[in-house]
Amino acid sequence: MQDCKPLDTPVAKGDKFNLKQCPNNDFESKQIEGIPYASVFGSLMYAQVCTHPDLAFIVGMLGRYLSNPGPGHWIAAKWVMRPLKLFCDNKAAVYFSNNNSSSTKSKYIDLKFLVVKELIQNGIITIELIGSGSMLADPLTKALTSKVFTEHTTHIGVVSLDGV
């Protein structure tokens, strides 16, 4: 997995999962027998609950086949396990995470945040800088100017109920 490119999306539009992909005979069952599908699914569920709510759809889809997964389900689970891109609007956090340098102020960084730096160095995740203007979740996390608030809420599909 270290040589995999990071994902932009955990599932592509048009990907289909159904019961026809489940093993129907002993030969097909033996193909999937030694594969740790349940363990990988548990890891995906943990990632979805703790850090990646964007995985909710695909985790829900793959969970439907937990009792009888087929090779197609396993391939999809491995696809989702590929490294994920994380986006951040803090230049200092992105710089510190992507570089080996340190400063006198970085000694106060909590140990748990150094785990992120280690994950980046091992190629498991990447962090990219994204401008505050593109952070559509900002209305949910901080105060914004009226113009920016309106732009962001419009882009995420929030509509006014005035006149209803």
# chains A, B, ... in the order shown; residues from 1 in each chain; ligands from 1
>>> select_by_dssp(residues="region 40-157 of chain A", states="strand (DSSP E or B)", output="list in words")
Leu84, Lys85, Leu86, Phe87, Cys88, Ile125, Thr126, Ile127, Glu128 and Leu129 of chain A
>>> closest_atom_pairs(of="region 55-147 of chain A", to="region 38-47 of chain A", cutoff="8 Å", atoms="only C-alpha atoms", output="CSV")
residue,atom,partner,partner_atom,distance
A:Leu55,CA,A:Leu44,CA,7.9
A:Val59,CA,A:Met45,CA,6.4
A:Leu62,CA,A:Phe41,CA,7.5
A:Gly63,CA,A:Phe41,CA,7.2
A:Leu66,CA,A:Ala38,CA,6.4
A:Ala77,CA,A:Val40,CA,7.2
A:Val80,CA,A:Leu44,CA,7.9
A:Met81,CA,A:Leu44,CA,7.2
>>> closest_residue(among="A:Cys88, A:Leu19, A:Arg82, A:Gln121", to="Asp138 (chain A)", atoms="only C-alpha atoms")
A:Cys88
>>> select_by_dssp(residues="region 49-137 of chain A", states="helix (DSSP H, G or I)", output="VMD selection string")
chain A and resid 49 to 50 53 to 63 71 to 80 91 to 98 105 to 108 111 to 121 132 to 134
>>> atom_distance(atom1="CA of Phe87 (chain A)", atom2="CA of Leu144 (chain A)")
19.5 Å
